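data16.txt follows; it contains compact mmCIF, C-alpha atoms and all ligand atoms.
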```
# COMPACT_ATOMS: atom_id res chain seq x y z
CA GLU A 1 37.32 9.97 -18.77
CA PHE A 2 35.42 11.22 -21.78
CA SER A 3 34.00 14.56 -20.85
CA LYS A 4 36.34 16.42 -18.50
CA ASN A 5 36.25 20.15 -19.27
CA THR A 6 33.97 19.54 -22.20
CA ASP A 7 30.23 19.85 -22.82
CA VAL A 8 27.80 17.03 -22.22
CA ILE A 9 24.33 17.59 -23.62
CA ILE A 10 21.30 16.32 -21.74
CA SER A 11 17.56 16.90 -22.00
CA ARG A 12 15.88 18.78 -19.14
CA GLY A 13 13.37 15.96 -19.02
CA GLU A 14 16.12 13.59 -17.95
CA LEU A 15 17.77 15.37 -15.03
CA VAL A 16 17.11 12.54 -12.64
CA GLU A 17 17.69 12.10 -8.95
CA VAL A 18 18.11 8.45 -7.99
CA GLY A 19 18.20 6.86 -4.53
CA GLY A 20 19.95 8.47 -1.58
CA SER A 21 19.62 11.93 -3.18
CA PHE A 22 22.28 11.19 -5.78
CA ARG A 23 21.69 13.24 -8.88
CA ILE A 24 22.85 12.29 -12.35
CA PRO A 25 23.70 15.91 -13.29
CA ASP A 26 25.70 16.40 -10.08
CA ILE A 27 27.62 13.20 -10.69
CA MET A 28 28.42 14.35 -14.23
CA GLU A 29 29.61 17.74 -13.04
CA LEU A 30 31.77 16.14 -10.38
CA SER A 31 33.56 14.35 -13.19
CA GLY A 32 34.48 17.71 -14.64
CA ALA A 33 31.88 17.78 -17.37
CA ASN A 34 30.04 20.95 -18.26
CA LEU A 35 26.38 20.01 -18.53
CA ILE A 36 24.39 21.68 -21.26
CA GLU A 37 20.68 21.34 -20.54
CA ILE A 38 18.36 21.45 -23.50
CA GLY A 39 14.63 21.30 -24.22
CA THR A 40 11.97 21.47 -21.53
CA THR A 41 10.78 19.14 -18.82
CA ASN A 42 8.16 17.60 -21.06
CA ARG A 43 9.49 18.05 -24.58
CA THR A 44 12.90 17.86 -26.21
CA HIS A 45 13.53 17.70 -29.97
CA LEU A 46 16.47 16.57 -32.07
CA GLU A 47 16.92 20.22 -33.12
CA ASP A 48 17.60 21.11 -29.48
CA TYR A 49 20.59 18.79 -29.47
CA LYS A 50 21.82 19.99 -32.87
CA LYS A 51 21.69 23.64 -31.88
CA VAL A 52 24.12 23.35 -28.97
CA ILE A 53 26.72 20.97 -30.40
CA THR A 54 30.05 22.78 -30.67
CA GLU A 55 33.75 21.96 -30.93
CA ASN A 56 33.72 21.54 -27.16
CA THR A 57 30.96 18.91 -27.05
CA SER A 58 32.13 15.44 -26.08
CA MET A 59 28.94 13.54 -25.38
CA LEU A 60 25.19 13.29 -25.87
CA LEU A 61 23.80 11.78 -22.69
CA LYS A 62 20.45 10.06 -22.50
CA VAL A 63 19.10 9.12 -19.09
CA HIS A 64 16.27 6.64 -18.88
CA THR A 65 13.73 8.12 -16.47
CA SER A 66 13.26 4.78 -14.79
CA ASN A 67 12.01 6.01 -11.43
CA TYR A 68 9.29 8.42 -12.54
CA HIS A 69 7.06 8.94 -15.50
CA ILE A 70 5.83 12.05 -17.28
CA SER A 71 2.70 11.59 -19.33
CA GLY A 72 0.63 13.87 -21.55
CA PHE A 73 2.18 16.33 -24.01
CA THR A 74 5.65 14.84 -24.09
CA LYS A 75 8.44 14.24 -26.56
CA SER A 76 11.92 12.91 -26.24
CA VAL A 77 14.39 12.01 -28.93
CA ASN A 78 14.86 8.30 -29.48
CA ASN A 79 18.16 6.53 -29.00
CA LYS A 80 18.70 5.89 -32.66
CA GLU A 81 18.51 9.57 -33.57
CA ILE A 82 20.78 10.54 -30.71
CA ALA A 83 23.32 7.85 -31.60
CA GLU A 84 23.30 8.93 -35.25
CA LEU A 85 23.69 12.60 -34.40
CA ALA A 86 26.63 11.77 -32.14
CA LYS A 87 28.26 9.72 -34.86
CA GLN A 88 27.87 12.53 -37.41
CA ASN A 89 29.63 14.87 -35.01
CA ASN A 90 32.28 12.41 -33.95
CA ILE A 91 31.23 12.51 -30.31
CA ILE A 92 30.08 9.86 -27.85
CA SER A 93 26.48 8.80 -27.28
CA MET A 94 25.70 7.32 -23.93
CA GLU A 95 22.58 6.02 -22.27
CA ASP A 96 22.16 5.58 -18.53
CA LEU A 97 19.50 2.90 -18.39
CA GLY A 98 19.40 2.76 -14.60
CA SER A 99 17.56 -0.49 -14.23
CA GLY A 100 18.98 -2.78 -16.84
CA VAL A 101 16.67 -5.49 -18.08
CA LEU A 102 17.57 -8.32 -20.39
CA ILE A 103 14.06 -9.61 -20.92
CA ASP A 104 11.11 -7.83 -22.44
CA PHE A 105 8.60 -7.45 -19.61
CA SER A 106 5.82 -6.44 -21.98
CA LYS A 107 5.71 -10.05 -23.24
CA TYR A 108 4.46 -10.95 -19.78
CA GLY A 109 1.82 -8.26 -19.50
CA LEU A 110 3.91 -5.68 -17.67
CA LYS A 111 4.85 -2.22 -18.83
CA LYS A 112 7.52 -2.06 -21.50
CA GLU A 113 10.96 -1.28 -20.14
CA PRO A 114 13.70 -0.64 -22.67
CA THR A 115 16.03 -3.63 -22.70
CA ILE A 116 19.81 -3.49 -22.68
CA LEU A 117 19.91 -5.16 -26.08
CA GLU A 118 17.53 -2.58 -27.60
CA SER A 119 19.73 0.21 -26.31
CA LEU A 120 22.79 -1.49 -27.74
CA ASN A 121 21.10 -2.09 -31.10
CA SER A 122 20.06 1.54 -31.34
CA GLY A 123 23.73 2.37 -31.78
CA MET A 124 24.53 3.93 -28.41
CA ASP A 125 28.29 3.93 -27.78
CA LEU A 126 28.09 3.42 -24.03
CA ILE A 127 25.33 2.05 -21.80
CA THR A 128 25.24 1.97 -18.01
CA PHE A 129 22.90 0.08 -15.70
CA SER A 130 22.66 -1.40 -12.23
CA GLY A 131 23.34 -5.03 -11.46
CA ASP A 132 20.87 -5.15 -8.62
CA LYS A 133 17.69 -3.50 -9.83
CA LEU A 134 15.61 -5.38 -12.38
CA LEU A 135 18.54 -7.54 -13.40
CA GLY A 136 18.32 -9.24 -10.01
CA GLY A 137 22.07 -9.55 -9.48
CA PRO A 138 24.57 -8.23 -6.94
CA GLN A 139 24.87 -4.53 -6.21
CA CYS A 140 27.19 -3.06 -8.79
CA GLY A 141 27.24 -0.77 -11.78
CA ILE A 142 27.77 -2.15 -15.25
CA ILE A 143 29.17 -0.30 -18.27
CA ILE A 144 28.96 -1.85 -21.71
CA GLY A 145 29.70 -0.46 -25.15
CA LYS A 146 32.27 0.14 -27.85
CA LYS A 147 35.50 -1.73 -27.30
CA GLU A 148 37.81 1.24 -27.66
CA LEU A 149 35.81 3.27 -25.14
CA ILE A 150 35.72 0.45 -22.60
CA LYS A 151 39.48 0.06 -23.11
CA ARG A 152 39.99 3.69 -22.20
CA LEU A 153 37.85 3.29 -19.08
CA LYS A 154 39.93 0.32 -18.04
CA LYS A 155 43.05 2.44 -18.21
CA ASN A 156 41.54 5.25 -16.14
CA GLN A 157 43.36 5.57 -12.82
CA PHE A 158 40.06 5.77 -10.96
CA LEU A 159 39.17 2.22 -11.98
CA ARG A 160 41.36 0.89 -9.19
CA ALA A 161 39.17 2.63 -6.61
CA PHE A 162 35.93 1.53 -8.22
CA ARG A 163 36.73 -2.07 -9.07
CA VAL A 164 34.41 -4.66 -7.58
CA CYS A 165 35.46 -7.67 -5.52
CA LYS A 166 35.57 -11.22 -6.78
CA MET A 167 32.39 -12.14 -4.92
CA THR A 168 30.48 -9.56 -6.97
CA ILE A 169 31.96 -10.82 -10.22
CA CYS A 170 31.23 -14.40 -9.24
CA ALA A 171 27.59 -13.60 -8.41
CA LEU A 172 27.21 -11.59 -11.59
CA GLU A 173 28.57 -14.41 -13.71
CA PHE A 174 26.11 -16.81 -12.11
CA VAL A 175 23.18 -14.45 -12.75
CA PHE A 176 24.15 -13.81 -16.37
CA LYS A 177 24.57 -17.53 -17.06
CA GLU A 178 21.00 -18.11 -16.01
CA TYR A 179 19.88 -15.45 -18.48
CA VAL A 180 21.23 -17.57 -21.33
CA ASP A 181 17.86 -19.29 -21.17
CA GLU A 182 15.09 -16.81 -20.38
CA ASN A 183 12.87 -19.43 -18.73
CA THR A 184 15.69 -20.54 -16.44
CA ALA A 185 16.23 -16.94 -15.38
CA ILE A 186 12.53 -16.42 -14.70
CA LYS A 187 12.43 -19.60 -12.67
CA ASN A 188 15.60 -19.10 -10.62
CA ASN A 189 16.29 -15.37 -10.39
CA PRO A 190 14.38 -14.20 -7.30
CA THR A 191 13.74 -10.71 -8.64
CA LEU A 192 12.37 -11.90 -11.99
CA ASN A 193 10.55 -14.78 -10.37
CA ARG A 194 8.66 -12.58 -7.95
CA ILE A 195 7.83 -9.97 -10.57
CA LEU A 196 6.47 -12.53 -13.03
CA GLU A 197 5.04 -15.28 -10.84
CA ASN A 198 1.37 -16.24 -11.01
CA ILE A 199 -0.89 -14.72 -8.35
CA ASP A 200 -2.10 -18.20 -7.33
CA ILE A 201 1.41 -19.02 -6.12
CA VAL A 202 1.36 -15.95 -3.86
CA LEU A 203 -2.02 -17.00 -2.50
CA GLU A 204 -0.61 -20.45 -1.79
CA ARG A 205 2.21 -18.91 0.26
CA ALA A 206 -0.31 -16.79 2.16
CA GLN A 207 -2.38 -19.88 2.96
CA ILE A 208 0.66 -21.77 4.23
CA LEU A 209 1.69 -18.86 6.47
CA LYS A 210 -1.85 -18.47 7.76
CA SER A 211 -2.12 -22.13 8.68
CA LEU A 212 1.31 -22.16 10.37
CA LEU A 213 0.33 -19.07 12.37
CA SER A 214 -2.94 -20.69 13.26
CA SER A 215 -1.11 -23.81 14.54
CA ALA A 216 0.88 -21.50 16.78
CA GLY A 217 -2.33 -19.99 18.13
CA ILE A 218 -2.08 -16.76 16.15
CA ASP A 219 -5.16 -15.42 14.45
CA SER A 220 -4.63 -14.03 10.94
CA GLU A 221 -6.48 -13.21 7.78
CA ILE A 222 -5.50 -13.23 4.11
CA ILE A 223 -6.24 -10.11 2.11
CA PRO A 224 -5.41 -9.10 -1.46
CA THR A 225 -2.98 -6.25 -1.89
CA LYS A 226 -0.75 -4.54 -4.42
CA ALA A 227 3.01 -4.82 -4.27
CA ILE A 228 5.31 -2.36 -5.95
CA ILE A 229 8.68 -3.04 -7.47
CA GLY A 230 11.43 -1.51 -5.36
CA GLY A 231 14.45 0.58 -6.12
CA GLY A 232 12.45 3.01 -8.22
CA SER A 233 12.65 0.46 -10.98
CA MET A 234 9.13 0.53 -12.39
CA PRO A 235 7.25 3.49 -10.97
CA ASP A 236 3.94 2.76 -12.66
CA ALA A 237 3.76 -0.97 -12.21
CA SER A 238 2.02 -2.54 -9.28
CA LEU A 239 1.79 -6.28 -8.88
CA ASP A 240 -1.18 -8.19 -7.52
CA SER A 241 -0.25 -9.83 -4.28
CA TYR A 242 -1.64 -11.28 -1.07
CA GLY A 243 -0.83 -10.31 2.46
CA VAL A 244 -1.56 -11.69 5.87
CA ILE A 245 -2.81 -9.40 8.63
CA ILE A 246 -2.34 -10.38 12.21
CA LYS A 247 -5.34 -9.97 14.45
CA ASN A 248 -5.55 -9.28 18.16
CA ILE A 249 -1.94 -8.16 18.61
CA ASP A 250 -0.88 -4.54 18.96
CA ALA A 251 0.56 -3.67 15.53
CA SER A 252 3.21 -1.20 16.68
CA LEU A 253 4.41 -3.67 19.29
CA VAL A 254 4.84 -6.28 16.58
CA GLU A 255 6.60 -3.84 14.31
CA LYS A 256 9.11 -2.76 16.97
CA SER A 257 9.75 -6.27 18.15
CA PHE A 258 10.14 -7.67 14.62
CA LEU A 259 12.79 -5.13 13.72
CA LYS A 260 14.82 -6.23 16.75
CA GLN A 261 14.83 -9.95 15.90
CA PRO A 262 18.13 -11.64 15.00
CA ILE A 263 16.68 -11.76 11.49
CA PRO A 264 14.65 -8.54 11.35
CA ILE A 265 11.26 -8.78 9.68
CA VAL A 266 9.86 -5.79 7.85
CA GLY A 267 6.11 -5.55 7.51
CA ARG A 268 3.79 -2.60 7.43
CA ILE A 269 0.93 -1.31 9.53
CA GLN A 270 -2.39 -1.07 7.77
CA ASN A 271 -5.60 -0.08 9.54
CA ASN A 272 -3.87 -0.61 12.88
CA GLN A 273 -3.00 -4.17 11.99
CA PHE A 274 0.40 -5.67 11.25
CA PHE A 275 0.58 -6.62 7.60
CA ILE A 276 2.99 -9.02 5.90
CA ASP A 277 3.08 -8.98 2.10
CA LEU A 278 3.78 -12.49 0.81
CA LYS A 279 5.35 -11.18 -2.39
CA THR A 280 8.79 -11.18 -0.83
CA ILE A 281 8.50 -14.05 1.62
CA HIS A 282 10.44 -17.16 0.70
CA SER A 283 9.19 -20.63 1.60
CA ASP A 284 12.04 -21.20 4.06
CA GLU A 285 11.16 -18.03 5.95
CA TYR A 286 7.76 -18.94 7.38
CA SER A 287 9.29 -20.41 10.52
CA ILE A 288 11.24 -17.20 11.19
CA ILE A 289 7.98 -15.26 11.14
CA VAL A 290 6.02 -17.74 13.22
CA ASP A 291 8.82 -18.07 15.80
CA SER A 292 9.04 -14.29 16.13
CA PHE A 293 5.31 -14.09 16.81
CA LYS A 294 5.59 -16.84 19.40
CA LYS A 295 8.23 -14.82 21.21
CA ILE A 296 5.94 -11.80 21.38
CA ILE A 297 3.05 -13.81 22.69
CA GLU A 298 5.19 -15.54 25.32
CA ARG A 299 6.36 -12.18 26.58
CA ALA A 300 2.92 -10.60 26.63
C1 LIG B 401 19.20 3.67 -10.12
C2 LIG B 401 19.70 4.52 -11.19
C3 LIG B 401 21.05 4.88 -11.23
C4 LIG B 401 22.01 4.47 -10.15
O1 LIG B 401 22.33 3.16 -10.22
P1 LIG B 401 22.97 2.44 -8.94
O2 LIG B 401 23.47 1.17 -9.49
O3 LIG B 401 21.85 2.27 -7.96
O4 LIG B 401 24.03 3.33 -8.43
C5 LIG B 401 21.50 5.67 -12.26
N1 LIG B 401 20.65 6.10 -13.23
C6 LIG B 401 19.35 5.78 -13.24
C7 LIG B 401 18.48 6.28 -14.36
C8 LIG B 401 18.83 4.98 -12.23
O5 LIG B 401 17.53 4.66 -12.23
```
The structure given in the file should be rewritten as structure tokens.
Amino acid sequence: EFSKNTDVIISRGELVEVGGSFRIPDIMELSGANLIEIGTTNRTHLEDYKKVITENTSMLLKVHTSNYHISGFTKSVNNKEIAELAKQNNIISMEDLGSGVLIDFSKYGLKKEPTILESLNSGMDLITFSGDKLLGGPQCGIIIGKKELIKRLKKNQFLRAFRVCKMTICALEFVFKEYVDENTAIKNNPTLNRILENIDIVLERAQILKSLLSSAGIDSEIIPTKAIIGGGSMPDASLDSYGVIIKNIDASLVEKSFLKQPIPIVGRIQNNQFFIDLKTIHSDEYSIIVDSFKKIIERA
């Protein structure tokens, strides 16, 4: 809508490929934009943007490198400077945040992720993020920003093809309402809850699963592990967790059989033993796991 046949400027440090081999630059080019890459992989300066702005430039695009991290001798231009430069030149500034977060994770001892509000306050005209990454909502893409720009997007003929169904909107409304109170969101939103929960609670789940398995005659052991946050949302963060390993059963047999269950169970094989990470097991799911093990044992 905004950049067909015009130049969009992006730093070489932000040419990101996301899941399923989708690439931000390819998506932009498909929309008819002419991408102007500036700077280097590790360093891009405000001057680099200034130098290539012409009559034909429509947008300065910032992409949050949410799924990887470059450290060392690095520099990128902050949102505020990009937004200001865009304003001076009467063009659009846009940030693709990828994993949108509404709460500041650094308050809870995790790595700082830029929040949606911070991006908005920096003066960016348009911001995009996923509904289902760190936000913990339904799978969808969200665009927020200046009223007149959103209005234009709404009139774009493509919107009809990309509109989401009412179930998505309903789920999203529910999720956002819980965010009105941060503590409510942390308590009820499964994604937030599992990222921020206390390690003792994970251990408790592991102990319950172990004792249920033991009642069913299955030998298991609790071991500490590290869980990572999925969807390429926080590449550097690993969360302390506990897992249960199953003893005396062939791990690959368990793996194959578990994937074929009416409710498939995904674990991993570690040192030739089947391993279940309790980070993502809900309290009403123990019986599914135990019953699936029983089936294997009965058959063996
Ligand atoms: C994940 C991601 C996307 C794609 O979002 P989807 O909602 O999964 O399509 C785009 N940009 C960045 C930076 C991402 O991390």
For ligand LIG 401 (chain B), what centre and edge lengths in Å (one decimal) does the axis-aligned box get once 4 Å is added on each side of all its listed atoms, as lines of an AutoDock Vina configuration file?
```
center_x = 20.8
center_y = 3.7
center_z = -11.2
size_x = 14.5
size_y = 13.1
size_z = 14.4
```
So which residues are near ligand LIG 401 (chain B), meaning at most 6 Å away with only C-alpha atoms and all ligand atoms counted, given back as a PyMOL selection string? chain A and resi 18+63-67+96-99+130+140-141
Shortest interatomic distance to Ala33 of chain A - which of A:Glu17, A:Ser233, A:Leu60, A:His45, counting all atoms listed in the file: A:Leu60
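Proximity of A:Asp240, A:Asp181, A:Asp250, A:Asp291 to Ile265 of chain A, computed with all atoms listed in the file, is greatest for A:Asp291.
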Leu30 of chain A surroundings by only C-alpha atoms, 12 Å radius, close-in-sequence under 4 positions cut, as number ranges by chain: A: 1, 3-5, 22-26, 34-35
Which polymer residues have any atom within 9 Å of an atom of segment 75-78 of chain A, counting only C-alpha atoms, with same-chain residues fewer than 3 positions away left out, as a PDB file with C-alpha atoms, in the frame of the given file?
```pdb
ATOM      1  CA  SER A  11      17.560  16.900 -22.000  1.00  0.00           C
ATOM      2  CA  GLY A  13      13.370  15.960 -19.020  1.00  0.00           C
ATOM      3  CA  ASN A  42       8.160  17.600 -21.060  1.00  0.00           C
ATOM      4  CA  ARG A  43       9.490  18.050 -24.580  1.00  0.00           C
ATOM      5  CA  THR A  44      12.900  17.860 -26.210  1.00  0.00           C
ATOM      6  CA  HIS A  45      13.530  17.700 -29.970  1.00  0.00           C
ATOM      7  CA  LEU A  46      16.470  16.570 -32.070  1.00  0.00           C
ATOM      8  CA  GLU A  81      18.510   9.570 -33.570  1.00  0.00           C
ATOM      9  CA  ILE A  82      20.780  10.540 -30.710  1.00  0.00           C
ATOM     10  CA  ALA A  83      23.320   7.850 -31.600  1.00  0.00           C
ATOM     11  CA  SER A 122      20.060   1.540 -31.340  1.00  0.00           C
TER      12      SER A 122
END
```
Among A:Gln270, A:Asn248, A:Asn188, A:Gln261, Ser220 of chain A is approached most closely, using all atoms listed in the file, by A:Asn248
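Between atom CA of Tyr49 of chain A and atom CA of Met124 of chain A the interatomic distance comes to 15.4 Å.
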List the neighbours of segment 255-258 of chain A out to 9 Å using all atoms listed in the file; skip same-chain residues closer than 6 positions along the sequence, and give me the result as number ranges by chain. A: 264-269, 274, 289, 292-293, 296
For C-alpha atoms, I'd like the residues from the last selection saved as a PDB file, in the frame of the given file.
```
ATOM      1  CA  PRO A 264      14.650  -8.540  11.350  1.00  0.00           C
ATOM      2  CA  ILE A 265      11.260  -8.780   9.680  1.00  0.00           C
ATOM      3  CA  VAL A 266       9.860  -5.790   7.850  1.00  0.00           C
ATOM      4  CA  GLY A 267       6.110  -5.550   7.510  1.00  0.00           C
ATOM      5  CA  ARG A 268       3.790  -2.600   7.430  1.00  0.00           C
ATOM      6  CA  ILE A 269       0.930  -1.310   9.530  1.00  0.00           C
ATOM      7  CA  PHE A 274       0.400  -5.670  11.250  1.00  0.00           C
ATOM      8  CA  ILE A 289       7.980 -15.260  11.140  1.00  0.00           C
ATOM      9  CA  SER A 292       9.040 -14.290  16.130  1.00  0.00           C
ATOM     10  CA  PHE A 293       5.310 -14.090  16.810  1.00  0.00           C
ATOM     11  CA  ILE A 296       5.940 -11.800  21.380  1.00  0.00           C
TER      12      ILE A 296
END
```
When you draw a straight line from atom CA of Ile218 of chain A to atom CA of Leu253 of chain A, how long is it in Å? 14.9 Å
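Take the candidates A:Ser119, A:Ser252, A:Gln273, A:Thr128 and check each one against Lys80 of chain A using all atoms listed in the file; the shortest distance goes to A:Ser119.
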Of the candidates A:Asp132, A:Glu113, A:Glu197, A:Glu221, which one gets nearest to Ser241 of chain A if we count all atoms listed in the file? A:Glu197
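Those residues that approach segment 6-9 of chain A to within 9 Å, counting all atoms listed in the file, are A:Met28, A:Gly32, A:Ala33, A:Asn34, A:Leu35, A:Ile36, A:Glu37, A:Ile38, A:Tyr49, A:Val52, A:Ile53, A:Thr54, A:Asn56, A:Thr57, A:Ser58, A:Met59, A:Leu60, A:Leu61, A:Lys62; same-chain residues fewer than 6 positions away are not listed.
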